[in-house]
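Data file: input_11.csv. Format and content: CSV, C-alpha atoms and all ligand atoms.
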chain,number,residue,atom,x,y,z
Z,227,MET,CA,17.8,22.3,32.8
Z,228,PHE,CA,16.2,19.4,34.6
Z,229,LYS,CA,12.8,20.4,33.3
Z,230,LYS,CA,14.1,20.4,29.8
Z,231,SER,CA,15.7,17.0,29.9
Z,232,LEU,CA,12.6,15.5,31.6
Z,233,LEU,CA,10.5,17.0,28.7
Z,234,VAL,CA,12.8,15.4,26.1
Z,235,LEU,CA,12.6,12.1,27.9
Z,236,LEU,CA,8.8,12.3,28.1
Z,237,CYS,CA,8.6,13.2,24.4
Z,238,SER,CA,10.9,10.4,23.3
Z,239,PHE,CA,9.0,8.0,25.4
Z,240,SER,CA,5.7,9.0,23.9
Z,241,ALA,CA,7.2,8.9,20.5
Z,242,TYR,CA,8.2,5.3,21.1
Z,243,ALA,CA,4.8,4.4,22.3
Z,244,GLN,CA,3.2,6.1,19.3
Z,245,ALA,CA,2.0,4.3,16.2
Z,246,GLY,CA,4.6,4.2,13.5
Z,247,PHE,CA,2.6,4.8,10.4
Z,248,GLU,CA,-0.7,6.5,9.3
Z,249,VAL,CA,-2.7,5.2,6.4
Z,250,ILE,CA,-5.6,6.8,4.6
Z,251,THR,CA,-7.7,4.6,2.3
Z,252,LEU,CA,-8.2,6.2,-1.1
Z,253,GLY,CA,-9.7,3.1,-2.6
Z,254,SER,CA,-10.5,-0.2,-0.9
Z,255,LYS,CA,-11.8,-2.5,-3.7
Z,256,GLY,CA,-10.0,-4.9,-6.0
Z,257,GLY,CA,-12.3,-3.9,-8.9
Z,258,ILE,CA,-14.8,-3.3,-10.5
Z,259,GLN,CA,-16.0,-0.1,-8.8
Z,260,ASP,CA,-14.3,2.8,-10.6
Z,261,GLY,CA,-13.8,5.6,-8.1
Z,262,ASN,CA,-12.9,3.1,-5.3
Z,263,LEU,CA,-10.0,1.0,-6.7
Z,264,THR,CA,-6.9,-0.1,-4.7
Z,265,ALA,CA,-4.9,2.9,-3.3
Z,266,PHE,CA,-3.7,4.0,0.1
Z,267,LEU,CA,-1.8,7.0,1.4
Z,268,LEU,CA,1.0,6.2,3.8
Z,269,LYS,CA,3.2,8.4,5.9
Z,270,ASP,CA,5.3,8.2,9.0
Z,271,SER,CA,3.1,9.3,11.9
Z,272,ARG,CA,5.6,12.1,12.8
Z,273,ASP,CA,5.8,13.4,9.2
Z,274,THR,CA,3.2,15.2,7.0
Z,275,ASN,CA,4.3,14.0,3.6
Z,276,TYR,CA,2.7,10.9,2.0
Z,277,VAL,CA,3.5,8.3,-0.6
Z,278,THR,CA,0.8,6.2,-2.1
Z,279,LEU,CA,0.6,2.4,-2.0
Z,280,ASP,CA,-0.8,1.7,-5.4
Z,281,ALA,CA,-2.9,4.4,-7.1
Z,282,GLY,CA,-6.0,2.8,-8.6
Z,283,THR,CA,-8.1,5.7,-7.3
Z,284,VAL,CA,-6.5,9.0,-6.4
Z,285,VAL,CA,-8.6,12.2,-6.8
Z,286,ASN,CA,-11.9,10.6,-6.0
Z,287,GLY,CA,-10.3,8.9,-3.0
Z,288,LEU,CA,-8.9,12.3,-1.8
Z,289,ILE,CA,-12.4,13.8,-2.2
Z,290,VAL,CA,-14.0,11.0,-0.1
Z,291,ALA,CA,-11.2,11.2,2.5
Z,292,GLU,CA,-11.5,15.0,2.8
Z,293,GLU,CA,-15.3,14.6,3.3
Z,294,LYS,CA,-14.6,12.1,6.1
Z,295,GLN,CA,-12.2,14.5,7.8
Z,296,ALA,CA,-9.2,12.3,7.3
Z,297,PHE,CA,-7.0,15.4,6.7
Z,298,LYS,CA,-8.2,17.4,9.7
Z,299,ASP,CA,-4.8,17.5,11.3
Z,300,LEU,CA,-3.0,18.6,8.2
Z,301,ASP,CA,-2.0,22.3,7.9
Z,302,ILE,CA,-3.3,23.6,4.6
Z,303,PRO,CA,-2.2,27.1,3.9
Z,304,THR,CA,-5.2,29.4,3.4
Z,305,ASN,CA,-3.3,31.3,0.7
Z,306,SER,CA,-2.9,28.2,-1.5
Z,307,PRO,CA,-4.6,28.7,-4.9
Z,308,TYR,CA,-5.6,25.1,-4.8
Z,309,THR,CA,-8.6,23.3,-3.1
Z,310,ASN,CA,-7.7,21.0,-0.2
Z,311,VAL,CA,-7.8,18.0,-2.6
Z,312,GLY,CA,-5.5,19.9,-5.1
Z,313,TYR,CA,-3.1,21.0,-2.4
Z,314,ILE,CA,-2.8,17.4,-1.0
Z,315,LEU,CA,-2.3,15.9,-4.4
Z,316,ARG,CA,0.3,18.4,-5.5
Z,317,GLU,CA,2.1,19.2,-2.3
Z,318,LYS,CA,1.7,16.4,0.2
Z,319,ILE,CA,1.9,13.3,-2.0
Z,320,LYS,CA,5.6,12.9,-2.8
Z,321,GLY,CA,5.5,9.7,-4.8
Z,322,TYR,CA,3.7,6.6,-6.1
Z,323,LEU,CA,4.6,3.1,-5.1
Z,324,ILE,CA,3.0,0.9,-7.8
Z,325,SER,CA,2.9,-2.9,-7.1
Z,326,HIS,CA,2.1,-3.9,-10.6
Z,327,ALA,CA,0.8,-2.3,-13.8
Z,328,HIS,CA,-2.8,-3.6,-13.8
Z,329,LEU,CA,-5.3,-0.7,-14.3
Z,330,ASP,CA,-7.0,-1.1,-11.0
Z,331,HIS,CA,-3.7,-0.2,-9.3
Z,332,LEU,CA,-2.7,2.8,-11.3
Z,333,ALA,CA,-5.6,4.3,-13.2
Z,334,GLY,CA,-6.0,7.1,-10.7
Z,335,MET,CA,-2.4,8.2,-11.1
Z,336,ILE,CA,-2.7,8.3,-14.9
Z,337,ILE,CA,-6.0,10.2,-14.9
Z,338,ALA,CA,-4.7,12.8,-12.4
Z,339,SER,CA,-1.3,13.2,-14.2
Z,340,PRO,CA,-2.2,16.3,-16.3
Z,341,ASP,CA,-2.8,18.4,-13.2
Z,342,ASP,CA,-0.3,16.6,-10.9
Z,343,SER,CA,3.0,18.0,-9.7
Z,344,HIS,CA,6.4,16.4,-10.4
Z,345,LYS,CA,6.8,13.1,-8.6
Z,346,TYR,CA,8.6,9.8,-8.5
Z,347,ILE,CA,7.2,6.4,-9.4
Z,348,TYR,CA,8.8,3.7,-7.3
Z,349,SER,CA,8.4,0.2,-8.6
Z,350,LEU,CA,10.3,-3.0,-9.5
Z,351,PRO,CA,12.1,-2.6,-12.9
Z,352,SER,CA,9.6,-4.8,-14.7
Z,353,VAL,CA,6.6,-2.7,-13.5
Z,354,ASN,CA,8.2,0.6,-14.4
Z,355,GLU,CA,8.9,-0.8,-17.8
Z,356,THR,CA,5.3,-1.9,-18.3
Z,357,ILE,CA,4.0,1.5,-17.2
Z,358,ALA,CA,6.3,3.3,-19.6
Z,359,LYS,CA,5.5,0.9,-22.5
Z,360,THR,CA,1.7,0.5,-21.9
Z,361,TYR,CA,0.4,3.8,-20.7
Z,362,PHE,CA,2.8,6.8,-20.9
Z,363,ASN,CA,3.5,6.3,-24.6
Z,364,TRP,CA,1.5,9.0,-26.4
Z,365,GLN,CA,-0.9,6.3,-27.5
Z,366,ALA,CA,-2.8,5.3,-24.4
Z,367,TRP,CA,-1.8,8.7,-22.8
Z,368,PRO,CA,0.8,11.4,-23.1
Z,369,ASN,CA,4.3,10.4,-22.0
Z,370,PHE,CA,4.5,12.1,-18.6
Z,371,GLY,CA,7.5,9.9,-17.8
Z,372,ASN,CA,11.2,10.3,-18.2
Z,373,LYS,CA,11.7,7.2,-20.4
Z,374,GLY,CA,9.8,5.4,-23.2
Z,375,GLN,CA,8.3,6.3,-26.5
Z,376,GLY,CA,8.2,9.8,-28.0
Z,377,TYR,CA,8.8,13.1,-26.3
Z,378,GLN,CA,9.3,12.7,-22.6
Z,379,LEU,CA,7.4,15.3,-20.5
Z,380,GLY,CA,9.4,14.2,-17.5
Z,381,LYS,CA,6.8,15.0,-14.9
Z,382,TYR,CA,7.3,11.5,-13.4
Z,383,GLN,CA,10.7,10.0,-12.8
Z,384,TYR,CA,10.9,6.2,-12.6
Z,385,ARG,CA,12.8,4.8,-9.7
Z,386,ASP,CA,13.7,1.1,-9.8
Z,387,LEU,CA,13.3,-0.7,-6.5
Z,388,SER,CA,15.2,-3.8,-5.4
Z,389,ALA,CA,15.0,-6.5,-2.7
Z,390,GLN,CA,18.5,-5.7,-1.5
Z,391,THR,CA,18.7,-1.9,-1.0
Z,392,TRP,CA,16.7,0.5,1.1
Z,393,LEU,CA,15.8,3.3,-1.3
Z,394,PRO,CA,14.8,6.6,0.5
Z,395,ILE,CA,11.5,8.0,-0.7
Z,396,LYS,CA,12.3,11.6,-1.5
Z,397,ASP,CA,10.9,14.3,0.8
Z,398,THR,CA,9.5,11.7,3.3
Z,399,SER,CA,11.1,9.9,6.3
Z,400,LEU,CA,10.5,6.5,4.7
Z,401,LYS,CA,12.7,4.0,2.9
Z,402,VAL,CA,11.5,1.1,0.8
Z,403,LYS,CA,12.6,-2.3,-0.5
Z,404,ALA,CA,10.5,-4.3,-3.0
Z,405,LEU,CA,10.2,-8.1,-3.2
Z,406,PRO,CA,8.6,-9.8,-6.2
Z,407,LEU,CA,5.2,-11.6,-5.9
Z,408,SER,CA,3.5,-14.1,-8.3
Z,409,HIS,CA,0.3,-12.8,-9.8
Z,410,ALA,CA,-1.1,-15.1,-12.5
Z,411,GLY,CA,2.0,-14.9,-14.7
Z,412,ILE,CA,3.1,-11.4,-14.1
Z,413,GLU,CA,5.4,-9.9,-11.5
Z,414,SER,CA,3.6,-8.0,-8.6
Z,415,SER,CA,5.4,-6.6,-5.6
Z,416,ALA,CA,5.5,-6.4,-1.8
Z,417,PHE,CA,6.9,-3.1,-0.4
Z,418,ILE,CA,8.7,-3.3,2.9
Z,419,ILE,CA,8.7,0.2,4.3
Z,420,LYS,CA,10.8,1.5,7.2
Z,421,ASN,CA,10.8,4.8,9.1
Z,422,ASN,CA,13.6,6.6,11.0
Z,423,GLN,CA,12.5,4.8,14.2
Z,424,GLN,CA,13.3,1.4,12.5
Z,425,GLN,CA,9.6,0.5,12.5
Z,426,VAL,CA,8.5,-1.5,9.5
Z,427,MET,CA,5.2,-2.1,7.7
Z,428,VAL,CA,4.6,-4.2,4.6
Z,429,TYR,CA,2.2,-3.8,1.8
Z,430,LEU,CA,1.5,-6.5,-0.7
Z,431,GLY,CA,0.1,-5.9,-4.2
Z,432,ASP,CA,-2.0,-8.6,-5.8
Z,433,THR,CA,-0.6,-12.1,-5.1
Z,434,GLY,CA,-1.6,-15.7,-5.4
Z,435,ALA,CA,-0.6,-18.3,-2.8
Z,436,ASP,CA,2.7,-20.1,-3.3
Z,437,SER,CA,0.8,-23.4,-3.4
Z,438,VAL,CA,-1.4,-22.3,-6.2
Z,439,GLU,CA,1.2,-20.2,-8.1
Z,440,GLN,CA,3.9,-22.8,-7.9
Z,441,SER,CA,6.1,-20.1,-6.5
Z,442,ASP,CA,8.2,-19.4,-3.4
Z,443,HIS,CA,7.9,-15.6,-3.4
Z,444,LEU,CA,5.6,-15.5,-0.4
Z,445,ASN,CA,7.8,-17.9,1.4
Z,446,SER,CA,10.8,-15.6,0.8
Z,447,LEU,CA,8.8,-12.6,2.0
Z,448,TRP,CA,7.9,-14.4,5.2
Z,449,SER,CA,11.5,-15.3,5.8
Z,450,THR,CA,12.5,-11.6,5.3
Z,451,LEU,CA,9.7,-10.4,7.7
Z,452,ALA,CA,10.3,-12.9,10.5
Z,453,PRO,CA,13.3,-11.1,12.1
Z,454,TYR,CA,11.2,-7.8,12.2
Z,455,ILE,CA,8.5,-9.7,14.0
Z,456,LYS,CA,11.0,-11.2,16.5
Z,457,ASN,CA,12.5,-7.7,17.1
Z,458,LYS,CA,9.0,-6.2,17.5
Z,459,GLN,CA,9.6,-3.8,14.6
Z,460,LEU,CA,6.8,-4.9,12.3
Z,461,LYS,CA,3.7,-2.7,12.8
Z,462,GLY,CA,1.4,-4.4,10.3
Z,463,ILE,CA,0.8,-6.2,7.1
Z,464,MET,CA,-1.5,-5.0,4.3
Z,465,ILE,CA,-2.5,-7.9,2.1
Z,466,GLU,CA,-5.2,-8.8,-0.4
Z,467,THR,CA,-8.0,-11.3,0.0
Z,468,SER,CA,-9.9,-10.9,-3.3
Z,469,PHE,CA,-12.3,-13.8,-3.1
Z,470,THR,CA,-14.3,-15.9,-0.7
Z,471,ASN,CA,-13.4,-19.5,0.0
Z,472,LYS,CA,-16.2,-20.5,-2.4
Z,473,VAL,CA,-14.1,-19.5,-5.5
Z,474,PRO,CA,-12.2,-22.6,-6.8
Z,475,GLU,CA,-8.4,-22.3,-7.0
Z,476,ARG,CA,-8.4,-22.5,-10.9
Z,477,SER,CA,-10.6,-19.4,-10.9
Z,478,LEU,CA,-8.4,-17.2,-8.6
Z,479,TYR,CA,-6.2,-15.7,-11.3
Z,480,GLY,CA,-3.4,-14.9,-8.9
Z,481,HIS,CA,-5.4,-13.9,-5.9
Z,482,LEU,CA,-6.0,-15.0,-2.3
Z,483,THR,CA,-9.0,-16.4,-0.4
Z,484,PRO,CA,-9.3,-16.4,3.4
Z,485,LYS,CA,-8.3,-20.1,3.5
Z,486,LEU,CA,-5.1,-19.4,1.4
Z,487,LEU,CA,-4.2,-16.3,3.4
Z,488,LEU,CA,-4.6,-18.3,6.7
Z,489,GLU,CA,-2.3,-21.0,5.3
Z,490,GLU,CA,0.3,-18.4,4.4
Z,491,LEU,CA,0.0,-16.8,7.9
Z,492,ALA,CA,0.7,-20.2,9.4
Z,493,ILE,CA,4.0,-20.3,7.6
Z,494,LEU,CA,4.8,-16.8,8.7
Z,495,GLU,CA,3.9,-17.7,12.3
Z,496,TYR,CA,6.2,-20.7,12.2
Z,497,LYS,CA,9.1,-18.6,10.8
Z,498,ALA,CA,8.5,-15.8,13.4
Z,499,GLY,CA,9.0,-18.2,16.3
Z,500,GLY,CA,5.9,-20.4,16.4
Z,501,LYS,CA,2.6,-20.3,18.2
Z,502,GLY,CA,1.7,-16.9,19.6
Z,503,SER,CA,4.4,-15.0,17.6
Z,504,LEU,CA,1.8,-13.1,15.6
Z,505,THR,CA,-0.5,-12.2,18.5
Z,506,GLY,CA,-1.9,-8.7,18.1
Z,507,LEU,CA,-0.3,-8.1,14.7
Z,508,PRO,CA,-2.5,-5.9,12.6
Z,509,ILE,CA,-3.4,-7.5,9.2
Z,510,VAL,CA,-5.2,-5.1,6.9
Z,511,ILE,CA,-7.3,-6.8,4.3
Z,512,THR,CA,-7.3,-5.1,0.9
Z,513,HIS,CA,-8.6,-5.7,-2.7
Z,514,ILE,CA,-11.9,-7.4,-1.8
Z,515,LYS,CA,-13.7,-7.6,-5.1
Z,516,TYR,CA,-16.9,-5.5,-5.5
Z,517,SER,CA,-19.9,-7.8,-6.2
Z,518,LEU,CA,-22.7,-7.1,-8.7
Z,519,LEU,CA,-24.8,-9.9,-7.2
Z,520,LYS,CA,-27.9,-8.9,-5.2
Z,521,ASP,CA,-27.6,-11.2,-2.2
Z,522,ILE,CA,-23.8,-11.5,-1.9
Z,523,ASN,CA,-21.7,-9.3,0.3
Z,524,PRO,CA,-18.1,-10.6,-0.2
Z,525,GLN,CA,-16.7,-8.4,2.5
Z,526,ALA,CA,-19.0,-9.8,5.2
Z,527,ILE,CA,-18.3,-13.4,4.1
Z,528,ILE,CA,-14.5,-12.8,3.9
Z,529,LYS,CA,-14.6,-11.2,7.3
Z,530,GLN,CA,-16.5,-14.1,8.8
Z,531,GLN,CA,-14.2,-16.7,7.1
Z,532,LEU,CA,-11.0,-15.0,8.4
Z,533,ILE,CA,-12.2,-14.4,11.9
Z,534,ALA,CA,-13.7,-17.9,12.4
Z,535,ALA,CA,-10.2,-19.4,11.7
Z,536,ASN,CA,-8.0,-16.8,13.3
Z,537,THR,CA,-5.9,-19.1,15.5
Z,538,PHE,CA,-3.0,-16.7,15.3
Z,539,GLY,CA,-4.6,-13.9,17.4
Z,540,VAL,CA,-3.9,-11.3,14.6
Z,541,ASN,CA,-6.1,-8.2,14.4
Z,542,PHE,CA,-7.9,-8.2,11.0
Z,543,HIS,CA,-8.9,-4.8,9.8
Z,544,PHE,CA,-11.2,-4.1,6.8
Z,545,PRO,CA,-10.5,-0.5,5.7
Z,546,ALA,CA,-13.3,1.6,4.1
Z,547,GLN,CA,-12.7,4.3,1.5
Z,548,GLY,CA,-11.8,7.7,3.1
Z,549,GLU,CA,-10.9,6.1,6.4
Z,550,ARG,CA,-7.7,6.9,8.3
Z,551,PHE,CA,-6.0,4.4,10.5
Z,552,SER,CA,-2.7,3.9,12.3
Z,553,LEU,CA,-0.3,1.0,12.3
T,601,ZN,ZN,-5.9,-5.7,-8.6
T,602,ZN,ZN,-3.6,-7.4,-10.5

Would you put the structure from the file into C-alpha cells?
Ligand SMILES: [Zn+2]
Ligand SMILES: [Zn+2]
Amino acid sequence: MFKKSLLVLLCSFSAYAQAGFEVITLGSKGGIQDGNLTAFLLKDSRDTNYVTLDAGTVVNGLIVAEEKQAFKDLDIPTNSPYTNVGYILREKIKGYLISHAHLDHLAGMIIASPDDSHKYIYSLPSVNETIAKTYFNWQAWPNFGNKGQGYQLGKYQYRDLSAQTWLPIKDTSLKVKALPLSHAGIESSAFIIKNNQQQVMVYLGDTGADSVEQSDHLNSLWSTLAPYIKNKQLKGIMIETSFTNKVPERSLYGHLTPKLLLEELAILEYKAGGKGSLTGLPIVITHIKYSLLKDINPQAIIKQQLIAANTFGVNFHFPAQGERFSL
C-alpha cells in the first residue's frame, strides 16, 4: 500500500517536471520551398494523438520526420495496411489548426485530402470561410468540406474558434482558443493551446507588428498571455520572423523582422511583470523565408540579429524540418 502511494507520488512528481508539449516540424520555411512550408505537429507530451499547427507541408514533412526518427516512440501496429507515414496521417493526426488561408499554410492539407481520413479543421470563422470558398469548391479542388459550393463530401468538418471559449480538440487532450492577428489586410490567428495539466503554449500564424500594421492585436495577445507567464503555465511561444532587419517596413507585407519581434517581446515582458519575467522562456522562430540568393543565409542572419539583442534571456529555437522538440 505504501509502495503504491509512493509510486503514484513519484509518477505525479515526474509528470509535473516533464515538458508539457511535443512538437515535430513538418515544414519550417515561410515560402518558397515547396515540400518545406509552414506546418508543425503538436501533442500533449503524455498523449499520442497530434493536431497540426498550420499545414503548408504535410506528407513530405511526415516523410522527412520519419527518416529523422521523430516517431520512434510511437507504437505503429504491424498489421496496419498503411506505411508509417500513412498510419500517422490517417490515425494519429486528429485535426488541422489553420492560422490563415494563404497557400503556404494549408497546401499540404489540400494535396493530402484525397487519401486523408475524416478530420476537423479548426480556424477563426473568417479563415474557415475562405478555405471553403477558395479551395474546397469543386473548382480549385473537390469539396472535401461540410459547407460551401456544390456537393459536400464531408471528410473535413469546419470548427469555428473564438477568443472567448476553450474548444476541445477532439480525440486529443488539448483545448484551443484563437485570437485574431493582423497580416497585411487579412485576418491571421494566434492559437492558445492548453493541456489537462493547465500548461499552455501559443502558436502565431503570420503577423505584422502592431506599430507597422496600425493594429492592437499583438498587444491584446500579450495581455492575454501575461497571466500565464506570471503563473508559470506558459511553456513556449512559436512566432514568425520572416525577414532580416535589412528589409524595410514598407516591404514586410504583414511579417516580422528580428527588430520588430524584439520590440513586441519588450511589451510582453512589461506586461508579464517587467525585467526578468521572460527569462528562460522558449521562443520558437518560424516562417523564415527561403532565399534564392547565393551569398545570403537569412536563417543565420536572423539568428544573429535576435541573439545579439536578446536582453530578455529568452531561449530562441530555430526548428529544422523533421526535428522533434519539447516545450
Ligand atoms: Zn506564410
Ligand atoms: Zn500569410

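Nearest to Ser414 in chain Z of all the residues Z:Ile324, Z:Leu447, Z:Ala265, Z:Ile455 is Z:Ile324, counting only C-alpha atoms.
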
Around ligand ZN 602 (chain T), out to 7 Å and counting only C-alpha atoms and all ligand atoms, which residues are there? I want them as a JSON list (two decimals) with C-alpha atoms, in the frame of the given file.
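Contents of part_31.json, freshly written:
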[["chain", "number", "residue", "atom", "x", "y", "z"],
["Z", 326, "HIS", "CA", 2.10, -3.90, -10.60],
["Z", 328, "HIS", "CA", -2.80, -3.60, -13.80],
["Z", 409, "HIS", "CA", 0.30, -12.80, -9.80],
["Z", 432, "ASP", "CA", -2.00, -8.60, -5.80]]

As a quick test: using all atoms listed in the file, which residues lie no more than 10 Å away from ligand ZN 601 (chain T)? Give them as a PDB file with C-alpha atoms, in the coordinates of the input.
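Listing of out_7.pdb after writing:
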ATOM      1  CA  LYS Z 255     -11.800  -2.500  -3.700  1.00  0.00           C
ATOM      2  CA  GLY Z 256     -10.000  -4.900  -6.000  1.00  0.00           C
ATOM      3  CA  GLY Z 257     -12.300  -3.900  -8.900  1.00  0.00           C
ATOM      4  CA  ILE Z 258     -14.800  -3.300 -10.500  1.00  0.00           C
ATOM      5  CA  LEU Z 263     -10.000   1.000  -6.700  1.00  0.00           C
ATOM      6  CA  THR Z 264      -6.900  -0.100  -4.700  1.00  0.00           C
ATOM      7  CA  ASP Z 280      -0.800   1.700  -5.400  1.00  0.00           C
ATOM      8  CA  GLY Z 282      -6.000   2.800  -8.600  1.00  0.00           C
ATOM      9  CA  SER Z 325       2.900  -2.900  -7.100  1.00  0.00           C
ATOM     10  CA  HIS Z 326       2.100  -3.900 -10.600  1.00  0.00           C
ATOM     11  CA  ALA Z 327       0.800  -2.300 -13.800  1.00  0.00           C
ATOM     12  CA  HIS Z 328      -2.800  -3.600 -13.800  1.00  0.00           C
ATOM     13  CA  LEU Z 329      -5.300  -0.700 -14.300  1.00  0.00           C
ATOM     14  CA  ASP Z 330      -7.000  -1.100 -11.000  1.00  0.00           C
ATOM     15  CA  HIS Z 331      -3.700  -0.200  -9.300  1.00  0.00           C
ATOM     16  CA  LEU Z 332      -2.700   2.800 -11.300  1.00  0.00           C
ATOM     17  CA  HIS Z 409       0.300 -12.800  -9.800  1.00  0.00           C
ATOM     18  CA  SER Z 414       3.600  -8.000  -8.600  1.00  0.00           C
ATOM     19  CA  GLY Z 431       0.100  -5.900  -4.200  1.00  0.00           C
ATOM     20  CA  ASP Z 432      -2.000  -8.600  -5.800  1.00  0.00           C
ATOM     21  CA  THR Z 433      -0.600 -12.100  -5.100  1.00  0.00           C
ATOM     22  CA  GLU Z 466      -5.200  -8.800  -0.400  1.00  0.00           C
ATOM     23  CA  SER Z 468      -9.900 -10.900  -3.300  1.00  0.00           C
ATOM     24  CA  GLY Z 480      -3.400 -14.900  -8.900  1.00  0.00           C
ATOM     25  CA  HIS Z 481      -5.400 -13.900  -5.900  1.00  0.00           C
ATOM     26  CA  THR Z 512      -7.300  -5.100   0.900  1.00  0.00           C
ATOM     27  CA  HIS Z 513      -8.600  -5.700  -2.700  1.00  0.00           C
ATOM     28  CA  ILE Z 514     -11.900  -7.400  -1.800  1.00  0.00           C
ATOM     29  CA  LYS Z 515     -13.700  -7.600  -5.100  1.00  0.00           C
TER      30      LYS Z 515
END

What gap, in Å, lies between CA of Asp436 in chain Z and CA of Tyr384 in chain Z?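 CA of Asp436 in chain Z sits 29.1 Å away from CA of Tyr384 in chain Z.
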
Give me, as a ChimeraX atom specification, all polymer residues having an atom no more than 12 Å from range 521-535 of chain Z, counting all atoms listed in the file and skipping those fewer than 4 positions away in the same chain. /Z:254-256,466-473,482-489,491-492,509-517,539-546

Neighbours of point (2.6, 11.9, -14.3) within 12 Å, using all atoms listed in the file, written as number ranges by chain: Z: 281, 315-316, 320-322, 332-347, 357-358, 361-363, 367-373, 378-384

Can you tell me how far CA of Gly312 in chain Z sits from CA of Val284 in chain Z, in Å to one decimal? 11.0 Å

Which is closer to Phe297 in chain Z than all the others in Z:Glu355, Z:Asp442, Z:Glu490, Z:Glu248, using only C-alpha atoms?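 Between Z:Glu355, Z:Asp442, Z:Glu490, Z:Glu248, the residue approaching Phe297 in chain Z most closely is Z:Glu248.
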
One-decimal distance in Å that lies between CA of Val428 in chain Z and CA of Gln459 in chain Z: 11.2 Å

Nearby residues (only C-alpha atoms) at most 12 Å from Gln425 in chain Z, same-chain spacing under 2 positions excluded, as a ChimeraX atom specification: /Z:241-247,270-271,399-402,418-423,427-428,451,454-455,457-462,553

Do you know which residues lie at most 12 Å from (-4.5, 21.8, 2.3), with coordinates as in the file and all atoms listed in the file counted, and could you write them as a VMD selection string? chain Z and resid 274 to 275 288 292 295 to 319

Output the selection as an mmCIF file, keeping the file's coordinate frame - C-alpha atoms for each residue.
data_model
loop_
_atom_site.group_PDB
_atom_site.id
_atom_site.type_symbol
_atom_site.label_atom_id
_atom_site.label_comp_id
_atom_site.auth_asym_id
_atom_site.auth_seq_id
_atom_site.Cartn_x
_atom_site.Cartn_y
_atom_site.Cartn_z
ATOM 1 C CA THR Z 274 3.200 15.200 7.000
ATOM 2 C CA ASN Z 275 4.300 14.000 3.600
ATOM 3 C CA LEU Z 288 -8.900 12.300 -1.800
ATOM 4 C CA GLU Z 292 -11.500 15.000 2.800
ATOM 5 C CA GLN Z 295 -12.200 14.500 7.800
ATOM 6 C CA ALA Z 296 -9.200 12.300 7.300
ATOM 7 C CA PHE Z 297 -7.000 15.400 6.700
ATOM 8 C CA LYS Z 298 -8.200 17.400 9.700
ATOM 9 C CA ASP Z 299 -4.800 17.500 11.300
ATOM 10 C CA LEU Z 300 -3.000 18.600 8.200
ATOM 11 C CA ASP Z 301 -2.000 22.300 7.900
ATOM 12 C CA ILE Z 302 -3.300 23.600 4.600
ATOM 13 C CA PRO Z 303 -2.200 27.100 3.900
ATOM 14 C CA THR Z 304 -5.200 29.400 3.400
ATOM 15 C CA ASN Z 305 -3.300 31.300 0.700
ATOM 16 C CA SER Z 306 -2.900 28.200 -1.500
ATOM 17 C CA PRO Z 307 -4.600 28.700 -4.900
ATOM 18 C CA TYR Z 308 -5.600 25.100 -4.800
ATOM 19 C CA THR Z 309 -8.600 23.300 -3.100
ATOM 20 C CA ASN Z 310 -7.700 21.000 -0.200
ATOM 21 C CA VAL Z 311 -7.800 18.000 -2.600
ATOM 22 C CA GLY Z 312 -5.500 19.900 -5.100
ATOM 23 C CA TYR Z 313 -3.100 21.000 -2.400
ATOM 24 C CA ILE Z 314 -2.800 17.400 -1.000
ATOM 25 C CA LEU Z 315 -2.300 15.900 -4.400
ATOM 26 C CA ARG Z 316 0.300 18.400 -5.500
ATOM 27 C CA GLU Z 317 2.100 19.200 -2.300
ATOM 28 C CA LYS Z 318 1.700 16.400 0.200
ATOM 29 C CA ILE Z 319 1.900 13.300 -2.000
#

Nearest residue to Pro474 in chain Z from the set Z:Leu430, Z:Ile493, Z:Val438, Z:Ser349 (distances using only C-alpha atoms): Z:Val438

Please determine, counting only C-alpha atoms, which residue among Z:Arg550, Z:Lys456, Z:Lys403, Z:Arg385 has the shortest atom-to-atom distance to Leu494 in chain Z. Z:Lys456

Would you mind listing what lies within 10 Å of His443 in chain Z as a list of chain:residue names, with all atoms listed in the file counted and same-chain residues fewer than 4 positions away left out?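 Selected residues are Z:Leu405, Z:Pro406, Z:Leu407, Z:Ser408, Z:Ser415, Z:Ala416, Z:Thr433, Z:Gly434, Z:Ala435, Z:Asp436, Z:Glu439, Z:Leu447, Z:Trp448, Z:Ser449.
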
Counting all atoms listed in the file, the residue of Z:Ile412, Z:Asp260, Z:Trp364, Z:Asn445 that sits nearest Leu350 in chain Z: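 Of the candidates, the smallest distance to Leu350 in chain Z is held by Z:Ile412.
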
If we count only C-alpha atoms and set the cut-off at 6 Å, which residues sit around Pro351 in chain Z, ignoring sequence neighbours fewer than 2 positions away in its own chain? Please answer as a list in words.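 These residues fall inside the cut-off: Val353, Asn354 and Asp386 of chain Z.
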